[in-house]
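A.B. asks: Got a file for you: model_10.pdb, PDB, C-alpha atoms, pLDDT in the B column.
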```pdb
MODEL        1
ATOM      1  CA  MET A 254     -22.208   4.020  22.172  1.00 63.00           C
ATOM      2  CA  LEU A 255     -21.267   0.492  21.149  1.00 72.00           C
ATOM      3  CA  LEU A 256     -20.779   1.147  17.421  1.00 73.00           C
ATOM      4  CA  ARG A 257     -20.641   4.232  15.203  1.00 72.00           C
ATOM      5  CA  TRP A 258     -21.840   4.272  11.587  1.00 75.00           C
ATOM      6  CA  HIS A 259     -18.382   5.011  10.146  1.00 71.00           C
ATOM      7  CA  GLU A 260     -17.053   1.889  11.910  1.00 79.00           C
ATOM      8  CA  LEU A 261     -19.490  -0.413  10.124  1.00 83.00           C
ATOM      9  CA  PRO A 262     -17.182  -1.260   7.153  1.00 82.00           C
ATOM     10  CA  LEU A 263     -14.390  -2.178   9.591  1.00 83.00           C
ATOM     11  CA  LEU A 264     -16.777  -4.349  11.611  1.00 87.00           C
ATOM     12  CA  ILE A 265     -17.987  -6.152   8.487  1.00 91.00           C
ATOM     13  CA  GLY A 266     -14.412  -6.730   7.317  1.00 90.00           C
ATOM     14  CA  LEU A 267     -13.351  -8.099  10.695  1.00 91.00           C
ATOM     15  CA  VAL A 268     -16.373 -10.415  10.918  1.00 94.00           C
ATOM     16  CA  LEU A 269     -15.721 -11.746   7.407  1.00 94.00           C
ATOM     17  CA  THR A 270     -12.074 -12.314   8.323  1.00 93.00           C
ATOM     18  CA  TRP A 271     -13.151 -14.115  11.510  1.00 94.00           C
ATOM     19  CA  MET A 272     -15.461 -16.405   9.568  1.00 93.00           C
ATOM     20  CA  ALA A 273     -12.767 -17.085   6.971  1.00 94.00           C
ATOM     21  CA  LEU A 274     -10.273 -17.986   9.692  1.00 93.00           C
ATOM     22  CA  TRP A 275     -12.719 -20.479  11.176  1.00 92.00           C
ATOM     23  CA  HIS A 276     -13.681 -21.826   7.719  1.00 92.00           C
ATOM     24  CA  GLU A 277     -17.292 -21.673   8.799  1.00 89.00           C
ATOM     25  CA  VAL A 278     -20.338 -19.592   7.949  1.00 91.00           C
ATOM     26  CA  SER A 279     -22.840 -20.088  10.730  1.00 92.00           C
ATOM     27  CA  TRP A 280     -24.846 -18.109  13.247  1.00 93.00           C
ATOM     28  CA  MET A 281     -22.287 -18.981  15.924  1.00 94.00           C
ATOM     29  CA  SER A 282     -19.346 -17.715  13.883  1.00 92.00           C
ATOM     30  CA  LEU A 283     -21.316 -14.572  12.965  1.00 93.00           C
ATOM     31  CA  VAL A 284     -22.263 -13.734  16.568  1.00 94.00           C
ATOM     32  CA  SER A 285     -18.831 -14.579  17.971  1.00 94.00           C
ATOM     33  CA  GLY A 286     -17.228 -12.611  15.116  1.00 93.00           C
ATOM     34  CA  VAL A 287     -19.299  -9.536  15.921  1.00 93.00           C
ATOM     35  CA  LEU A 288     -18.447  -9.770  19.635  1.00 94.00           C
ATOM     36  CA  ILE A 289     -14.722 -10.352  19.053  1.00 93.00           C
ATOM     37  CA  SER A 290     -14.619  -7.600  16.418  1.00 91.00           C
ATOM     38  CA  ILE A 291     -16.275  -5.017  18.676  1.00 90.00           C
ATOM     39  CA  LEU A 292     -13.914  -5.993  21.491  1.00 90.00           C
ATOM     40  CA  ALA A 293     -10.897  -5.642  19.176  1.00 89.00           C
ATOM     41  CA  MET A 294     -12.143  -2.296  17.861  1.00 87.00           C
ATOM     42  CA  ARG A 295     -12.427  -0.952  21.408  1.00 87.00           C
ATOM     43  CA  LEU A 296      -9.142  -2.378  22.708  1.00 89.00           C
ATOM     44  CA  PHE A 297      -7.010  -1.535  19.650  1.00 86.00           C
ATOM     45  CA  TYR A 298      -8.201   1.871  18.548  1.00 77.00           C
ATOM     46  CA  LEU A 299      -7.156   2.974  15.065  1.00 74.00           C
ATOM     47  CA  PRO A 300      -7.479   6.602  14.009  1.00 72.00           C
ATOM     48  CA  PRO A 301      -9.877   7.088  11.120  1.00 69.00           C
ATOM     49  CA  VAL A 302      -8.314   7.255   7.664  1.00 68.00           C
ATOM     50  CA  GLU A 303      -9.216  10.499   5.947  1.00 70.00           C
ATOM     51  CA  LEU A 304      -9.959  10.090   2.269  1.00 71.00           C
ATOM     52  CA  ALA A 305      -9.890  12.973  -0.195  1.00 73.00           C
ATOM     53  CA  GLY A 306     -13.383  12.177  -1.428  1.00 77.00           C
ATOM     54  CA  ARG A 307     -12.396  12.142  -5.082  1.00 85.00           C
ATOM     55  CA  PHE A 308     -11.667   9.376  -7.553  1.00 90.00           C
ATOM     56  CA  ASN A 309     -10.271   9.809 -11.061  1.00 93.00           C
ATOM     57  CA  SER A 310     -10.929   6.639 -13.028  1.00 95.00           C
ATOM     58  CA  TRP A 311      -8.482   7.554 -15.850  1.00 97.00           C
ATOM     59  CA  TRP A 312      -5.546   7.898 -13.433  1.00 96.00           C
ATOM     60  CA  ALA A 313      -6.677   4.831 -11.487  1.00 96.00           C
ATOM     61  CA  LEU A 314      -6.556   2.836 -14.732  1.00 97.00           C
ATOM     62  CA  ARG A 315      -3.086   4.222 -15.502  1.00 97.00           C
ATOM     63  CA  TYR A 316      -1.949   3.249 -11.985  1.00 97.00           C
ATOM     64  CA  LEU A 317      -3.333  -0.268 -12.470  1.00 97.00           C
ATOM     65  CA  VAL A 318      -1.625  -0.696 -15.864  1.00 98.00           C
ATOM     66  CA  TYR A 319       1.663   0.660 -14.441  1.00 97.00           C
ATOM     67  CA  PHE A 320       1.441  -1.729 -11.493  1.00 97.00           C
ATOM     68  CA  LEU A 321       0.595  -4.797 -13.578  1.00 97.00           C
ATOM     69  CA  TRP A 322       3.341  -4.041 -16.138  1.00 97.00           C
ATOM     70  CA  HIS A 323       6.016  -3.594 -13.454  1.00 97.00           C
ATOM     71  CA  LEU A 324       4.723  -6.658 -11.616  1.00 96.00           C
ATOM     72  CA  ALA A 325       5.252  -8.794 -14.733  1.00 96.00           C
ATOM     73  CA  VAL A 326       8.637  -7.309 -15.677  1.00 96.00           C
ATOM     74  CA  ALA A 327       9.993  -7.495 -12.120  1.00 96.00           C
ATOM     75  CA  SER A 328       8.799 -11.098 -11.750  1.00 96.00           C
ATOM     76  CA  VAL A 329      10.849 -12.128 -14.776  1.00 96.00           C
ATOM     77  CA  GLN A 330      13.876 -10.138 -13.557  1.00 95.00           C
ATOM     78  CA  VAL A 331      13.784 -11.662 -10.064  1.00 94.00           C
ATOM     79  CA  ALA A 332      13.291 -15.158 -11.514  1.00 95.00           C
ATOM     80  CA  TRP A 333      16.386 -14.626 -13.689  1.00 94.00           C
ATOM     81  CA  LEU A 334      18.394 -13.407 -10.684  1.00 93.00           C
ATOM     82  CA  ALA A 335      17.411 -16.570  -8.826  1.00 92.00           C
ATOM     83  CA  VAL A 336      18.618 -19.005 -11.490  1.00 93.00           C
ATOM     84  CA  ARG A 337      21.477 -17.187 -13.211  1.00 92.00           C
ATOM     85  CA  PRO A 338      25.030 -18.285 -12.517  1.00 92.00           C
ATOM     86  CA  GLY A 339      27.341 -16.027 -10.572  1.00 90.00           C
ATOM     87  CA  PRO A 340      27.419 -14.271  -7.232  1.00 91.00           C
ATOM     88  CA  PRO A 341      24.224 -13.220  -5.504  1.00 91.00           C
ATOM     89  CA  PRO A 342      22.914  -9.778  -6.524  1.00 93.00           C
ATOM     90  CA  ARG A 343      23.788  -6.724  -4.461  1.00 93.00           C
ATOM     91  CA  THR A 344      21.068  -5.153  -2.389  1.00 95.00           C
ATOM     92  CA  ALA A 345      20.568  -1.753  -0.803  1.00 95.00           C
ATOM     93  CA  ILE A 346      18.381  -0.051   1.758  1.00 96.00           C
ATOM     94  CA  ILE A 347      17.266   3.312   0.407  1.00 96.00           C
ATOM     95  CA  ALA A 348      15.156   6.148   1.780  1.00 96.00           C
ATOM     96  CA  VAL A 349      12.425   7.548  -0.433  1.00 96.00           C
ATOM     97  CA  ARG A 350      10.838  10.811   0.693  1.00 96.00           C
ATOM     98  CA  LEU A 351       7.250  11.126  -0.481  1.00 95.00           C
ATOM     99  CA  ARG A 352       5.396  14.382  -1.110  1.00 93.00           C
ATOM    100  CA  THR A 353       2.114  13.290   0.408  1.00 92.00           C
ATOM    101  CA  ARG A 354       1.027  13.687   4.004  1.00 89.00           C
ATOM    102  CA  SER A 355      -1.947  11.363   3.514  1.00 89.00           C
ATOM    103  CA  ASP A 356      -1.741   8.143   5.524  1.00 89.00           C
ATOM    104  CA  PHE A 357      -3.899   6.434   2.895  1.00 89.00           C
ATOM    105  CA  ILE A 358      -1.648   7.305  -0.052  1.00 93.00           C
ATOM    106  CA  LEU A 359       1.495   6.569   1.985  1.00 94.00           C
ATOM    107  CA  THR A 360       0.095   3.112   2.763  1.00 92.00           C
ATOM    108  CA  MET A 361      -0.963   2.483  -0.830  1.00 94.00           C
ATOM    109  CA  VAL A 362       2.506   3.438  -2.125  1.00 96.00           C
ATOM    110  CA  ALA A 363       4.144   1.161   0.444  1.00 96.00           C
ATOM    111  CA  LEU A 364       1.855  -1.746  -0.459  1.00 95.00           C
ATOM    112  CA  THR A 365       2.376  -1.269  -4.188  1.00 96.00           C
ATOM    113  CA  VAL A 366       6.164  -1.110  -3.843  1.00 96.00           C
ATOM    114  CA  SER A 367       6.149  -4.236  -1.664  1.00 95.00           C
ATOM    115  CA  LEU A 368       3.958  -6.175  -4.088  1.00 94.00           C
ATOM    116  CA  ILE A 369       6.320  -5.565  -7.007  1.00 94.00           C
ATOM    117  CA  PRO A 370       9.067  -8.219  -6.776  1.00 94.00           C
ATOM    118  CA  GLY A 371      12.562  -6.972  -6.009  1.00 93.00           C
ATOM    119  CA  SER A 372      11.646  -4.398  -3.385  1.00 94.00           C
ATOM    120  CA  LEU A 373      10.245  -4.493   0.108  1.00 94.00           C
ATOM    121  CA  VAL A 374       9.326  -1.770   2.584  1.00 95.00           C
ATOM    122  CA  ALA A 375      11.612  -2.204   5.577  1.00 95.00           C
ATOM    123  CA  GLU A 376      10.434   0.832   7.571  1.00 96.00           C
ATOM    124  CA  VAL A 377       7.934   3.676   7.312  1.00 95.00           C
ATOM    125  CA  ASP A 378       8.413   7.100   8.858  1.00 94.00           C
ATOM    126  CA  ARG A 379       4.812   8.237   8.885  1.00 91.00           C
ATOM    127  CA  PHE A 380       5.461  11.740  10.178  1.00 92.00           C
ATOM    128  CA  GLY A 381       8.314  12.416   7.738  1.00 94.00           C
ATOM    129  CA  SER A 382       6.575  10.596   4.841  1.00 94.00           C
ATOM    130  CA  ILE A 383       9.688   8.498   4.237  1.00 96.00           C
ATOM    131  CA  LEU A 384       9.737   4.898   3.039  1.00 97.00           C
ATOM    132  CA  TYR A 385      12.856   2.843   3.682  1.00 97.00           C
ATOM    133  CA  LEU A 386      13.054   0.203   0.964  1.00 97.00           C
ATOM    134  CA  HIS A 387      15.146  -2.939   0.692  1.00 96.00           C
ATOM    135  CA  VAL A 388      15.885  -3.161  -3.033  1.00 96.00           C
ATOM    136  CA  LEU A 389      17.318  -6.152  -4.888  1.00 95.00           C
ATOM    137  CA  ASN A 390      19.958  -5.917  -7.643  1.00 93.00           C
ATOM    138  CA  THR A 391      21.452  -2.493  -7.001  1.00 93.00           C
ATOM    139  CA  PRO A 392      25.103  -2.759  -8.064  1.00 90.00           C
ATOM    140  CA  THR A 393      25.309   0.915  -9.133  1.00 92.00           C
ATOM    141  CA  GLN A 394      23.776   4.270  -8.262  1.00 95.00           C
ATOM    142  CA  LYS A 395      21.745   4.066 -11.480  1.00 95.00           C
ATOM    143  CA  GLU A 396      19.583   1.209 -10.123  1.00 94.00           C
ATOM    144  CA  ILE A 397      19.114   3.013  -6.798  1.00 95.00           C
ATOM    145  CA  THR A 398      17.953   6.141  -8.628  1.00 95.00           C
ATOM    146  CA  ARG A 399      15.596   4.007 -10.735  1.00 95.00           C
ATOM    147  CA  ALA A 400      14.029   2.509  -7.581  1.00 95.00           C
ATOM    148  CA  ARG A 401      13.476   5.996  -6.127  1.00 95.00           C
ATOM    149  CA  ARG A 402      11.940   7.217  -9.393  1.00 96.00           C
ATOM    150  CA  GLN A 403       9.640   4.185  -9.536  1.00 96.00           C
ATOM    151  CA  SER A 404       8.367   4.872  -6.006  1.00 96.00           C
ATOM    152  CA  SER A 405       7.821   8.539  -6.844  1.00 96.00           C
ATOM    153  CA  ARG A 406       5.933   7.575 -10.007  1.00 97.00           C
ATOM    154  CA  ILE A 407       3.652   5.257  -8.027  1.00 97.00           C
ATOM    155  CA  GLU A 408       2.959   8.104  -5.598  1.00 97.00           C
ATOM    156  CA  GLN A 409       2.174  10.495  -8.470  1.00 97.00           C
ATOM    157  CA  LEU A 410      -0.270   8.056 -10.052  1.00 97.00           C
ATOM    158  CA  LEU A 411      -2.023   7.437  -6.736  1.00 96.00           C
ATOM    159  CA  ILE A 412      -2.257  11.149  -5.932  1.00 95.00           C
ATOM    160  CA  ARG A 413      -3.787  11.807  -9.357  1.00 95.00           C
ATOM    161  CA  ALA A 414      -6.204   8.889  -8.868  1.00 95.00           C
ATOM    162  CA  VAL A 415      -7.371   9.419  -5.265  1.00 93.00           C
ATOM    163  CA  GLY A 416      -5.426  12.348  -3.778  1.00 90.00           C
ATOM    164  CA  SER A 417      -6.878  15.625  -2.621  1.00 89.00           C
ATOM    165  CA  ARG A 418      -7.194  18.572  -4.985  1.00 90.00           C
ATOM    166  CA  ALA A 419      -4.381  20.342  -3.120  1.00 89.00           C
ATOM    167  CA  GLU A 420      -2.057  17.355  -3.607  1.00 90.00           C
ATOM    168  CA  VAL A 421      -2.890  17.186  -7.324  1.00 90.00           C
ATOM    169  CA  GLU A 422      -2.188  20.912  -7.673  1.00 90.00           C
ATOM    170  CA  ALA A 423       1.152  20.466  -5.863  1.00 88.00           C
ATOM    171  CA  LEU A 424       2.220  17.958  -8.536  1.00 85.00           C
ATOM    172  CA  ARG A 425       1.929  20.623 -11.232  1.00 81.00           C
TER     173      ARG A 425
ENDMDL
END
```
Could you take the file, read its structure, and then write that structure out as structure tokens?
C.D. replies:
Amino acid sequence: MLLRWHELPLLIGLVLTWMALWHEVSWMSLVSGVLISILAMRLFYLPPVELAGRFNSWWALRYLVYFLWHLAVASVQVAWLAVRPGPPPRTAIIAVRLRTRSDFILTMVALTVSLIPGSLVAEVDRFGSILYLHVLNTPTQKEITRARRQSSRIEQLLIRAVGSRAEVEALR
């Protein structure tokens, strides 16, 4: 079979990306995008991402507010570190063990942490559910502990928003 129904969203996303890369919406870019996308989907197989099938809008809103608040605060902090006088800030690579075994939540936590200025995911241990983060401005253990707590809080919010019932129960 050339294409399965559950692969349709991936195909559409790849075709739209193809058309955006070529800066052209035409029949030629559509047809070539479909062909290239199907070829890529067959050559570079990705395992399907299993979703929990639940969505809690209250916790999703809390996650969004948490993310936007920390995005704003961290942007100001990193901007200050860039222009302040004195030596460059100390950095650290820390390991953060997550509770989840979900690839989707692990990825969402990693993306959220990377999007907030001052931290970047350097490595992911998918099977151990460990994120290795490069964190800016960590002169003491207090800041390292704060970075770990922030990552754990992001995971909690995401589990409550889109995690499985078993994962939500494990948080209690």
A.B. asks: Determine the nearest neighbour of Gln330 of chain A from the options A:Gly266, A:Gly381, A:Gly306, A:Pro370, counting all atoms listed in the file.
C.D. replies: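 Checking each of A:Gly266, A:Gly381, A:Gly306, A:Pro370 against Gln330 of chain A, counting all atoms listed in the file, the winner is A:Pro370.
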A.B. asks: Please provide as a ChimeraX atom specification all residues within 12 Å of Gly286 of chain A, with the sequence filter that same-chain residues fewer than 3 positions apart are discarded (counting all atoms listed in the file).
C.D. replies: /A:264-275,277-283,289-294
A.B. asks: Once the PyMOL selection byres ((chain A and resi 357-359) around 9) has been applied to the shown file, what residues remain in the selection, as a short mmCIF file (atom, residue, chain, number, x, y, z; two decimals) with C-alpha atoms, in the coordinates of the input?
C.D. replies:
```cif
data_model
loop_
_atom_site.label_atom_id
_atom_site.label_comp_id
_atom_site.auth_asym_id
_atom_site.auth_seq_id
_atom_site.Cartn_x
_atom_site.Cartn_y
_atom_site.Cartn_z
CA VAL A 302 -8.31 7.26 7.66
CA GLU A 303 -9.22 10.50 5.95
CA LEU A 304 -9.96 10.09 2.27
CA LEU A 351 7.25 11.13 -0.48
CA THR A 353 2.11 13.29 0.41
CA ARG A 354 1.03 13.69 4.00
CA SER A 355 -1.95 11.36 3.51
CA ASP A 356 -1.74 8.14 5.52
CA THR A 360 0.10 3.11 2.76
CA MET A 361 -0.96 2.48 -0.83
CA VAL A 362 2.51 3.44 -2.12
CA ALA A 363 4.14 1.16 0.44
CA LEU A 364 1.86 -1.75 -0.46
CA VAL A 377 7.93 3.68 7.31
CA ARG A 379 4.81 8.24 8.88
CA SER A 382 6.58 10.60 4.84
CA ILE A 383 9.69 8.50 4.24
CA LEU A 384 9.74 4.90 3.04
CA GLU A 408 2.96 8.10 -5.60
CA LEU A 411 -2.02 7.44 -6.74
CA ILE A 412 -2.26 11.15 -5.93
CA VAL A 415 -7.37 9.42 -5.26
CA GLY A 416 -5.43 12.35 -3.78
#
```
A.B. asks: Near Leu324 of chain A, counting all atoms listed in the file, which residues have an atom at most 8 Å away, once you skip same-chain residues fewer than 2 positions from it, shown as a list of chain:residue names?
C.D. replies: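 Using all atoms listed in the file, the neighbours found are A:Phe320, A:Leu321, A:Trp322, A:Val326, A:Ala327, A:Ser328, A:Leu368, A:Ile369, A:Pro370.
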A.B. asks: May I have the selected residues written with C-alpha atoms, as an mmCIF file, in the frame of the given file?
C.D. replies:
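Output below, filename part_32.cif:
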```
data_model
loop_
_atom_site.group_PDB
_atom_site.id
_atom_site.type_symbol
_atom_site.label_atom_id
_atom_site.label_comp_id
_atom_site.auth_asym_id
_atom_site.auth_seq_id
_atom_site.Cartn_x
_atom_site.Cartn_y
_atom_site.Cartn_z
ATOM 1 C CA PHE A 320 1.441 -1.729 -11.493
ATOM 2 C CA LEU A 321 0.595 -4.797 -13.578
ATOM 3 C CA TRP A 322 3.341 -4.041 -16.138
ATOM 4 C CA VAL A 326 8.637 -7.309 -15.677
ATOM 5 C CA ALA A 327 9.993 -7.495 -12.120
ATOM 6 C CA SER A 328 8.799 -11.098 -11.750
ATOM 7 C CA LEU A 368 3.958 -6.175 -4.088
ATOM 8 C CA ILE A 369 6.320 -5.565 -7.007
ATOM 9 C CA PRO A 370 9.067 -8.219 -6.776
#
```
A.B. asks: May I ask which of the residues A:Arg406, A:Arg307, A:Arg413, A:Arg418 is the closest one to Thr365 of chain A, counting all atoms listed in the file?
C.D. replies: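 For Thr365 of chain A, the nearest of the candidates is A:Arg406.
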A.B. asks: For each of A:Ser367, A:Ala325, A:Arg402, A:Phe380, take the minimum atom-to-atom distance to Val349 of chain A, counting only C-alpha atoms, then give the residue where this is smallest.
C.D. replies: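 Of the candidates, the smallest distance to Val349 of chain A is held by A:Arg402.
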A.B. asks: Please measure the separation of atom CA of Leu389 of chain A and atom CA of Pro341 of chain A, giving the value in Å to one decimal.
C.D. replies: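 Distance reported for this atom pair: 9.9 Å.
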A.B. asks: One decimal, Å: what's the distance from atom CA of Val421 of chain A over to atom CA of Leu314 of chain A, could you say?
C.D. replies: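 So the answer is 16.6 Å.
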A.B. asks: What separation in Å, quoted to one decimal, exists between atom CA of Pro338 of chain A and atom CA of Gln403 of chain A?
C.D. replies: 27.4 Å
A.B. asks: Nearest to Glu396 of chain A: which of A:Leu255, A:Leu299, A:Ile347, A:Val284 is it, counting all atoms listed in the file?
C.D. replies: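 Once distances to Glu396 of chain A are computed over all atoms listed in the file, the minimum belongs to A:Ile347.
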A.B. asks: Of the residues A:His276, A:His259, A:Ser310, A:Gly371, which is the one nearest to Ile397 of chain A, using only C-alpha atoms?
C.D. replies: A:Gly371
A.B. asks: Taking only C-alpha atoms into account, which of A:Val336, A:Leu386, A:Ala305, A:Leu256 comes nearest Ser417 of chain A?
C.D. replies: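 That would be A:Ala305, the residue with the smallest distance to Ser417 of chain A.
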